[in-house]
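First comes the structure, then the notes that go with it.
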Amino acid sequence: ILLQQEFDLDYQRWSTTIRQNDQVQPLLPETEQYTVSFGQTDPGSTGLAAFVFPPEGDEAIITWFDLLNCQESSGCSNLELPGIPIWSPDGEQALFTDDPNSQIDLLRTELRTVLYNRQAVNVANPLYVGDRAQFLEGQPVTSAEELSPTGKGHAPFWLDNETIGYVTGDGDPIITQRRSRVMSTAVSQNDPQVLFSLDDMMPAMEEAGVPYLRDLLFWIHYVMVHPDNPEQLFVVGLSTADPGAHVLTFDRTSSEFRYLMSASYLDNHSLGLSPDGRYLVLTGIDHSDPDTGSENALLQVFDLARQEIAEITPFLTPRSNFPPFSTYDWSVDGEWLALLLDDKTIGFFAPDQNQLRLIEAPAGECNTPAWINRS
């Protein structure tokens, strides 16, 4: 299935269409409503979450579209969700917050996280968990408060099918220096325990020479779990002095941190894994770029297989603002990274061979490269 997001210049609104089996169809039939989706599906890719905006008013309705039940004339069968679901690895449960709008701070897919809101965040949001059937079958729940409470925090994630984690601020509604920490709890018990804190990360960051650590506002903003190795977490801390997004790994078995890389989060921040789990991609702005008005963004590829010496391959790409669609995409086998280098050049980078190929595209007609895999 190929997801396509289009902007209609005549009607001045966004629409989402899908292409499957060489057929193109909209999520919704021709209506005055418009849709925006960032590709957030369940683990089986049977459904898609999207923001549906009514003709009157700016508040979006978070909607689930059944990708297995779509018709060209009527669109896809759909229903309202309690919020943006954060799916368990097996797709049988999902996490929600009581404030769905707060969830657009981070836009997550299986292998990528995009930072949409760059401000310090409220970490006292009640979190809820529900079984898939509660919000997708029968009389579906549309309010997160009707589900089971499972802590208070920000940026929830799954460690496994029974255990979740989230960022909290030690009782402070706004994350502040040295107070942020990551909690974990079994969803059946709602008994959160500290997994690690910002203080635990400090030695690794000091060893890496991160500046101003003791003098600036610095907080843990989110965590990603390696899908093939849930013992390995990617931790992103944001600071206000650089202003930088600093990426570390945390090994749950050894409780050790390793500092990886950083980039300014003022624009274009995302963190993503290659499908084979070997390469980590960080996008953002170059700290050292003297031209703050530049249209360029920084894309860095980190080889996670190199344990002793950090190997980072940097590229300059165009900035991508709203909607925050990515300027890169991996082939399904993880061997090639397609990336937009400027408004008319697409690069194909094979990190295993350290090989780069270039092709020319019509100027201004390519915003987001995407792989279409055919048998």
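Just so we're on the same page: first chain in the structure tokens is A, next is B, and so on; residues restart at 1 for each chain, and ligands are numbered from 1 in the order they show up.
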
Would you list the contacts of Glu137 in chain A as an mmCIF file with N, CA, C and O atoms, in the first residue's frame, taking every protein, DNA or RNA residue within 12 Å and counting only C-alpha atoms, but skipping same-chain residues closer than 4 positions in sequence?
```cif
data_model
loop_
_atom_site.group_PDB
_atom_site.id
_atom_site.type_symbol
_atom_site.label_atom_id
_atom_site.label_comp_id
_atom_site.auth_asym_id
_atom_site.auth_seq_id
_atom_site.Cartn_x
_atom_site.Cartn_y
_atom_site.Cartn_z
ATOM 1 N N TRP A 64 -9.804 6.256 12.576
ATOM 2 C CA TRP A 64 -9.177 5.012 12.148
ATOM 3 C C TRP A 64 -9.843 4.552 10.855
ATOM 4 O O TRP A 64 -11.060 4.432 10.768
ATOM 5 N N ASP A 66 -10.113 1.574 8.000
ATOM 6 C CA ASP A 66 -9.891 0.154 7.756
ATOM 7 C C ASP A 66 -9.388 -0.024 6.325
ATOM 8 O O ASP A 66 -10.149 0.116 5.358
ATOM 9 N N ASN A 78 -14.555 3.698 8.463
ATOM 10 C CA ASN A 78 -13.794 4.434 9.475
ATOM 11 C C ASN A 78 -14.602 4.633 10.738
ATOM 12 O O ASN A 78 -15.835 4.514 10.740
ATOM 13 N N LEU A 79 -13.912 4.946 11.808
ATOM 14 C CA LEU A 79 -14.544 5.271 13.086
ATOM 15 C C LEU A 79 -13.626 6.185 13.886
ATOM 16 O O LEU A 79 -12.414 6.231 13.668
ATOM 17 N N GLU A 80 -14.211 6.913 14.829
ATOM 18 C CA GLU A 80 -13.451 7.847 15.660
ATOM 19 C C GLU A 80 -12.659 7.099 16.723
ATOM 20 O O GLU A 80 -13.138 6.121 17.304
ATOM 21 N N LEU A 81 -11.431 7.564 16.974
ATOM 22 C CA LEU A 81 -10.559 6.961 17.979
ATOM 23 C C LEU A 81 -10.504 7.824 19.239
ATOM 24 O O LEU A 81 -10.761 9.034 19.188
ATOM 25 N N ASP A 131 -7.587 -2.668 25.146
ATOM 26 C CA ASP A 131 -7.495 -3.747 24.173
ATOM 27 C C ASP A 131 -8.041 -3.264 22.836
ATOM 28 O O ASP A 131 -8.950 -2.429 22.775
ATOM 29 N N ARG A 132 -7.530 -3.818 21.771
ATOM 30 C CA ARG A 132 -7.928 -3.441 20.423
ATOM 31 C C ARG A 132 -9.452 -3.467 20.250
ATOM 32 O O ARG A 132 -10.035 -2.563 19.656
ATOM 33 N N ALA A 133 -10.083 -4.500 20.795
ATOM 34 C CA ALA A 133 -11.532 -4.651 20.621
ATOM 35 C C ALA A 133 -12.321 -3.523 21.279
ATOM 36 O O ALA A 133 -13.431 -3.206 20.843
ATOM 37 N N VAL A 141 -15.082 2.533 22.145
ATOM 38 C CA VAL A 141 -14.794 3.613 23.080
ATOM 39 C C VAL A 141 -14.206 4.796 22.305
ATOM 40 O O VAL A 141 -13.316 4.614 21.467
ATOM 41 N N THR A 142 -14.688 6.007 22.569
ATOM 42 C CA THR A 142 -14.149 7.199 21.890
ATOM 43 C C THR A 142 -13.492 8.166 22.866
ATOM 44 O O THR A 142 -12.960 9.195 22.446
#
```

Legend entry - Contacts of Met205 in chain A at 9 Å (only C-alpha atoms; same-chain gap of 5+ positions) as a list in words: Val210, Pro211, Leu213, His246, Leu248, Phe257, Arg258 and Tyr259 of chain A

Output file for the residues above (N, CA and C atoms, as a short mmCIF file (atom, residue, chain, number, x, y, z; two decimals), in the first residue's frame):
```
data_model
loop_
_atom_site.label_atom_id
_atom_site.label_comp_id
_atom_site.auth_asym_id
_atom_site.auth_seq_id
_atom_site.Cartn_x
_atom_site.Cartn_y
_atom_site.Cartn_z
N VAL A 210 29.57 17.12 25.60
CA VAL A 210 28.36 17.93 25.39
C VAL A 210 28.49 19.20 26.23
N PRO A 211 28.38 20.39 25.61
CA PRO A 211 28.62 21.64 26.34
C PRO A 211 27.46 22.04 27.25
N LEU A 213 26.31 21.36 30.09
CA LEU A 213 25.38 20.40 30.70
C LEU A 213 24.86 20.85 32.05
N HIS A 246 20.20 15.47 21.54
CA HIS A 246 21.33 14.58 21.79
C HIS A 246 20.82 13.15 21.89
N LEU A 248 21.41 9.10 22.58
CA LEU A 248 22.20 8.09 23.26
C LEU A 248 21.49 6.75 23.15
N PHE A 257 25.01 3.60 29.13
CA PHE A 257 24.66 4.57 28.09
C PHE A 257 25.84 4.72 27.14
N ARG A 258 25.53 5.01 25.88
CA ARG A 258 26.54 5.34 24.88
C ARG A 258 26.06 6.56 24.11
N TYR A 259 26.89 7.59 24.05
CA TYR A 259 26.52 8.80 23.31
C TYR A 259 26.76 8.57 21.82
#
```

Inset, instruction - Can you pull out every residue within 10 Å of Trp87 in chain A, counting only C-alpha atoms, but drop anything in the same chain fewer than 2 positions away, and send it as a list of chain:residue names? - result: A:Gln40, A:Thr41, A:Asp42, A:Pro43, A:Ile84, A:Pro85, A:Pro89, A:Asp90, A:Gly91, A:Glu92, A:Gln93, A:Ala94, A:Leu95, A:Phe96, A:Thr109, A:Glu110, A:Val129, A:Gly130, A:Asp131, A:Arg132, A:Phe157, A:Trp158, A:Asn161

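Nearest residue to Gly169 in chain A among A:Gly277, A:Pro26, A:Gly153, A:Pro140 is A:Gly153, counting only C-alpha atoms.
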
Legend entry - Per-residue DSSP, range 81-147 of chain A, filtered to strand (DSSP E or B), as a PyMOL selection string: chain A and resi 86-87+93-97+106-109+112-115+122+126-131

Inset, instruction - Just the residues within 6 Å of Leu106 in chain A, please, counting only C-alpha atoms, with nothing from its chain fewer than 4 positions along; format it as a VMD selection string. - result: chain A and resid 114 to 116

Mind dumping a table of every range 247-278 of chain A residue within 7 Å of range 231-236 of chain A, with the nearest atom pair and its distance in Å to one decimal, using only C-alpha atoms, sorted by chain and rising number, as a tab-separated table?
```
residue	atom	partner	partner_atom	distance
A:Val247	CA	A:Val236	CA	4.7
A:Leu248	CA	A:Val235	CA	5.2
A:Thr249	CA	A:Phe234	CA	4.6
A:Phe250	CA	A:Leu233	CA	5.1
A:Asp251	CA	A:Gln232	CA	4.9
A:Arg252	CA	A:Glu231	CA	5.0
A:Thr253	CA	A:Glu231	CA	6.5
```

Legend entry - Interatomic distance (Å, one decimal) between CA of Ala297 in chain A and CA of His226 in chain A: 25.0 Å

Inset, instruction - Point out the residue among A:Pro126, A:Leu111, A:Leu282, A:Ala245 with the least atom-to-atom distance to Leu266 in chain A, counting only C-alpha atoms. - result: A:Ala245

Tell me which protein, DNA and RNA residues are within 7 Å of range 162-168 of chain A, counting only C-alpha atoms, leaving out same-chain ones fewer than 3 positions away, and put them as a compact mmCIF listing (two decimals) with N, CA, C and O atoms, in the first residue's frame.
```
# COMPACT_ATOMS: atom_id res chain seq x y z
N VAL A 123 4.39 16.85 31.37
CA VAL A 123 4.64 15.43 31.58
C VAL A 123 3.68 14.83 32.59
O VAL A 123 3.92 13.76 33.14
N GLY A 153 2.43 10.77 32.27
CA GLY A 153 3.71 11.09 31.67
C GLY A 153 3.58 11.57 30.24
O GLY A 153 2.50 11.93 29.77
N HIS A 154 4.69 11.52 29.53
CA HIS A 154 4.80 12.01 28.16
C HIS A 154 5.51 10.96 27.31
O HIS A 154 6.30 10.16 27.82
N ALA A 155 5.20 10.95 26.02
CA ALA A 155 5.88 10.09 25.04
C ALA A 155 5.87 8.62 25.44
O ALA A 155 6.94 7.98 25.52
N PRO A 156 4.70 8.03 25.68
CA PRO A 156 4.66 6.61 26.08
C PRO A 156 5.15 5.70 24.97
O PRO A 156 5.04 6.00 23.78
N PHE A 157 5.70 4.55 25.37
CA PHE A 157 6.21 3.57 24.41
C PHE A 157 6.08 2.19 25.03
O PHE A 157 5.90 2.03 26.24
N TRP A 158 6.17 1.15 24.20
CA TRP A 158 6.08 -0.23 24.65
C TRP A 158 7.47 -0.85 24.72
O TRP A 158 8.24 -0.77 23.76
N LEU A 159 7.78 -1.48 25.85
CA LEU A 159 9.00 -2.27 25.97
C LEU A 159 8.78 -3.70 25.48
O LEU A 159 9.67 -4.32 24.93
N SER A 180 13.97 15.10 34.89
CA SER A 180 13.30 14.17 33.99
C SER A 180 13.87 12.76 34.16
O SER A 180 15.06 12.57 34.39
N ARG A 181 12.98 11.80 34.04
CA ARG A 181 13.38 10.41 34.15
C ARG A 181 12.39 9.55 33.37
O ARG A 181 11.31 10.00 33.01
N VAL A 182 12.79 8.32 33.11
CA VAL A 182 11.97 7.39 32.35
C VAL A 182 11.48 6.30 33.29
O VAL A 182 12.26 5.69 34.02
N MET A 183 10.16 6.07 33.25
CA MET A 183 9.54 5.08 34.11
C MET A 183 9.13 3.87 33.28
O MET A 183 8.93 3.96 32.07
N SER A 184 8.96 2.74 33.94
CA SER A 184 8.39 1.56 33.28
C SER A 184 7.41 0.90 34.24
O SER A 184 7.54 0.99 35.46
N THR A 185 6.41 0.23 33.65
CA THR A 185 5.42 -0.47 34.47
C THR A 185 4.74 -1.53 33.63
O THR A 185 4.59 -1.39 32.41
N ALA A 186 4.36 -2.61 34.28
CA ALA A 186 3.50 -3.60 33.63
C ALA A 186 2.10 -2.98 33.53
O ALA A 186 1.60 -2.41 34.50
N VAL A 187 1.47 -3.07 32.38
CA VAL A 187 0.17 -2.42 32.20
C VAL A 187 -0.89 -3.04 33.11
O VAL A 187 -1.86 -2.38 33.47
N TYR A 222 12.08 11.95 24.56
CA TYR A 222 11.39 10.73 24.17
C TYR A 222 12.38 9.58 24.07
O TYR A 222 13.60 9.77 24.10
```

Among range 98-334 of chain A, which residues carry a DSSP assignment of alpha helix (DSSP H), reported as a PDB file with C-alpha atoms, in the first residue's frame?
```pdb
ATOM      1  CA  ARG A 132      -7.928  -3.441  20.423  1.00  0.00           C
ATOM      2  CA  ALA A 133     -11.532  -4.651  20.621  1.00  0.00           C
ATOM      3  CA  GLN A 134     -12.470  -1.843  23.010  1.00  0.00           C
ATOM      4  CA  PHE A 135     -11.958   0.919  20.457  1.00  0.00           C
ATOM      5  CA  LEU A 136     -12.271  -0.884  17.112  1.00  0.00           C
ATOM      6  CA  LEU A 198      18.787  12.310  33.392  1.00  0.00           C
ATOM      7  CA  ASP A 199      21.455  12.106  36.098  1.00  0.00           C
ATOM      8  CA  ASP A 200      22.237   8.567  34.919  1.00  0.00           C
ATOM      9  CA  MET A 201      22.877   9.925  31.399  1.00  0.00           C
ATOM     10  CA  MET A 202      25.200  12.734  32.483  1.00  0.00           C
ATOM     11  CA  PRO A 203      28.519  10.794  32.609  1.00  0.00           C
ATOM     12  CA  ALA A 204      28.138   9.571  29.007  1.00  0.00           C
ATOM     13  CA  MET A 205      27.291  13.075  27.789  1.00  0.00           C
ATOM     14  CA  GLU A 206      30.140  14.663  29.735  1.00  0.00           C
ATOM     15  CA  GLU A 207      32.576  12.113  28.305  1.00  0.00           C
TER      16      GLU A 207
END
```

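In this structure, CA of Gln33 in chain A sits 24.2 Å away from CA of Gln139 in chain A.
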
Would you pick out the contacts of Ser37 in chain A at 12 Å or less, using only C-alpha atoms, so that residues sharing its chain but fewer than 2 positions from it are not included, and give the list as a short mmCIF file (atom, residue, chain, number, x, y, z; two decimals) with N, CA, C and O atoms, in the first residue's frame?
```cif
data_model
loop_
_atom_site.label_atom_id
_atom_site.label_comp_id
_atom_site.auth_asym_id
_atom_site.auth_seq_id
_atom_site.Cartn_x
_atom_site.Cartn_y
_atom_site.Cartn_z
N LEU A 3 0.85 5.31 0.50
CA LEU A 3 0.07 6.44 1.04
C LEU A 3 0.51 7.71 0.34
O LEU A 3 1.70 8.00 0.23
N GLN A 4 -0.47 8.49 -0.12
CA GLN A 4 -0.17 9.73 -0.82
C GLN A 4 -0.92 10.88 -0.18
O GLN A 4 -2.14 10.83 -0.02
N GLN A 5 -0.19 11.93 0.20
CA GLN A 5 -0.79 13.13 0.80
C GLN A 5 -0.71 14.26 -0.22
O GLN A 5 0.38 14.61 -0.69
N GLU A 6 -1.87 14.83 -0.56
CA GLU A 6 -1.92 15.85 -1.59
C GLU A 6 -2.57 17.13 -1.06
O GLU A 6 -3.42 17.08 -0.17
N TRP A 14 -6.02 19.61 2.38
CA TRP A 14 -5.26 18.39 2.22
C TRP A 14 -6.21 17.21 2.01
O TRP A 14 -7.33 17.18 2.54
N SER A 15 -5.76 16.22 1.27
CA SER A 15 -6.51 14.97 1.13
C SER A 15 -5.51 13.82 1.12
O SER A 15 -4.37 13.96 0.69
N THR A 16 -5.97 12.68 1.61
CA THR A 16 -5.13 11.49 1.71
C THR A 16 -5.70 10.41 0.81
O THR A 16 -6.89 10.08 0.90
N THR A 17 -4.88 9.88 -0.06
CA THR A 17 -5.30 8.77 -0.91
C THR A 17 -4.35 7.60 -0.72
O THR A 17 -3.22 7.77 -0.26
N ILE A 18 -4.83 6.42 -1.03
CA ILE A 18 -3.99 5.23 -0.94
C ILE A 18 -3.99 4.54 -2.31
O ILE A 18 -4.95 4.62 -3.06
N PRO A 26 -9.51 7.52 -2.35
CA PRO A 26 -9.37 8.41 -1.20
C PRO A 26 -9.78 7.71 0.09
O PRO A 26 -10.54 6.74 0.07
N LEU A 27 -9.27 8.21 1.21
CA LEU A 27 -9.74 7.69 2.50
C LEU A 27 -11.20 8.03 2.71
O LEU A 27 -11.98 7.24 3.24
N TYR A 34 -11.24 17.53 5.19
CA TYR A 34 -9.94 17.19 4.63
C TYR A 34 -9.18 16.34 5.63
O TYR A 34 -9.46 16.32 6.83
N THR A 35 -8.22 15.59 5.12
CA THR A 35 -7.51 14.59 5.92
C THR A 35 -6.01 14.78 5.81
O THR A 35 -5.49 15.17 4.76
N GLY A 39 1.04 8.28 8.20
CA GLY A 39 1.41 6.89 7.98
C GLY A 39 1.40 6.03 9.23
O GLY A 39 2.09 5.01 9.27
N GLN A 40 0.62 6.40 10.23
CA GLN A 40 0.60 5.66 11.49
C GLN A 40 -0.38 4.50 11.38
O GLN A 40 -1.60 4.68 11.41
N THR A 41 0.15 3.29 11.25
CA THR A 41 -0.66 2.08 11.10
C THR A 41 -0.47 1.18 12.31
O THR A 41 0.41 1.39 13.14
N GLY A 47 -4.91 -1.05 9.25
CA GLY A 47 -5.63 0.21 9.41
C GLY A 47 -4.67 1.37 9.48
O GLY A 47 -3.45 1.20 9.67
N LEU A 48 -5.22 2.58 9.36
CA LEU A 48 -4.42 3.80 9.29
C LEU A 48 -5.08 4.89 10.13
O LEU A 48 -6.29 5.12 10.01
N ALA A 49 -4.30 5.56 10.97
CA ALA A 49 -4.81 6.70 11.74
C ALA A 49 -4.61 7.97 10.93
O ALA A 49 -3.58 8.15 10.28
N ALA A 50 -5.60 8.86 10.96
CA ALA A 50 -5.52 10.11 10.23
C ALA A 50 -6.27 11.19 11.00
O ALA A 50 -7.17 10.91 11.80
N PHE A 51 -5.90 12.45 10.74
CA PHE A 51 -6.61 13.59 11.28
C PHE A 51 -7.66 14.02 10.25
O PHE A 51 -7.32 14.31 9.10
N VAL A 52 -8.92 14.06 10.69
CA VAL A 52 -10.00 14.49 9.81
C VAL A 52 -10.51 15.83 10.32
O VAL A 52 -10.91 15.95 11.49
N PHE A 53 -10.48 16.84 9.46
CA PHE A 53 -10.87 18.19 9.84
C PHE A 53 -12.26 18.50 9.28
O PHE A 53 -12.45 18.49 8.06
N ALA A 60 -9.22 18.69 14.97
CA ALA A 60 -9.29 17.47 14.17
C ALA A 60 -9.93 16.34 14.94
O ALA A 60 -9.85 16.26 16.17
N ILE A 61 -10.58 15.46 14.21
CA ILE A 61 -11.09 14.20 14.76
C ILE A 61 -10.12 13.11 14.37
O ILE A 61 -9.86 12.87 13.18
N ILE A 62 -9.53 12.45 15.36
CA ILE A 62 -8.57 11.38 15.07
C ILE A 62 -9.37 10.14 14.69
O ILE A 62 -10.20 9.65 15.47
N THR A 63 -9.14 9.65 13.49
CA THR A 63 -10.00 8.65 12.87
C THR A 63 -9.19 7.45 12.43
O THR A 63 -8.06 7.59 11.96
N TRP A 64 -9.80 6.26 12.58
CA TRP A 64 -9.18 5.01 12.15
C TRP A 64 -9.84 4.55 10.86
O TRP A 64 -11.06 4.43 10.77
N PHE A 65 -9.02 4.31 9.82
CA PHE A 65 -9.52 3.86 8.53
C PHE A 65 -9.12 2.41 8.31
O PHE A 65 -7.94 2.06 8.42
N ILE A 84 -4.48 9.19 19.27
CA ILE A 84 -3.56 8.51 18.38
C ILE A 84 -3.05 7.25 19.09
O ILE A 84 -2.44 7.34 20.15
N ILE A 104 0.40 15.14 19.22
CA ILE A 104 1.07 15.55 17.99
C ILE A 104 2.43 16.18 18.27
O ILE A 104 3.12 16.59 17.35
N LEU A 107 5.26 12.56 16.31
CA LEU A 107 4.55 11.76 15.32
C LEU A 107 5.38 10.50 15.09
O LEU A 107 6.52 10.56 14.63
N ARG A 108 4.79 9.35 15.42
CA ARG A 108 5.55 8.10 15.42
C ARG A 108 5.01 7.11 14.39
O ARG A 108 3.80 6.96 14.25
N THR A 109 5.93 6.45 13.72
CA THR A 109 5.62 5.25 12.97
C THR A 109 6.52 4.15 13.53
O THR A 109 7.24 4.36 14.51
N PRO A 323 3.35 19.80 6.11
CA PRO A 323 3.42 18.71 7.08
C PRO A 323 4.84 18.14 7.15
O PRO A 323 5.56 18.22 6.16
N PRO A 324 5.24 17.60 8.29
CA PRO A 324 6.64 17.19 8.47
C PRO A 324 6.94 15.87 7.77
O PRO A 324 7.28 14.88 8.39
N PHE A 325 6.76 15.86 6.46
CA PHE A 325 7.05 14.65 5.71
C PHE A 325 8.56 14.53 5.52
O PHE A 325 9.25 15.51 5.31
#
```

Legend entry - Spatial neighbours of Arg19 in chain A, 7 Å, only C-alpha atoms, chain gap at least 6 places, as a PyMOL selection string: chain A and resi 1-3+25

Inset, instruction - Could you please determine the separation between CA of Asp242 in chain A and CA of Ser288 in chain A in Å, to one decimal place? - result: 10.0 Å

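Nearest residue to Ser326 in chain A, choosing from A:Gln12, A:Ser45, A:Ser254, A:Thr283 and counting only C-alpha atoms: A:Thr283.
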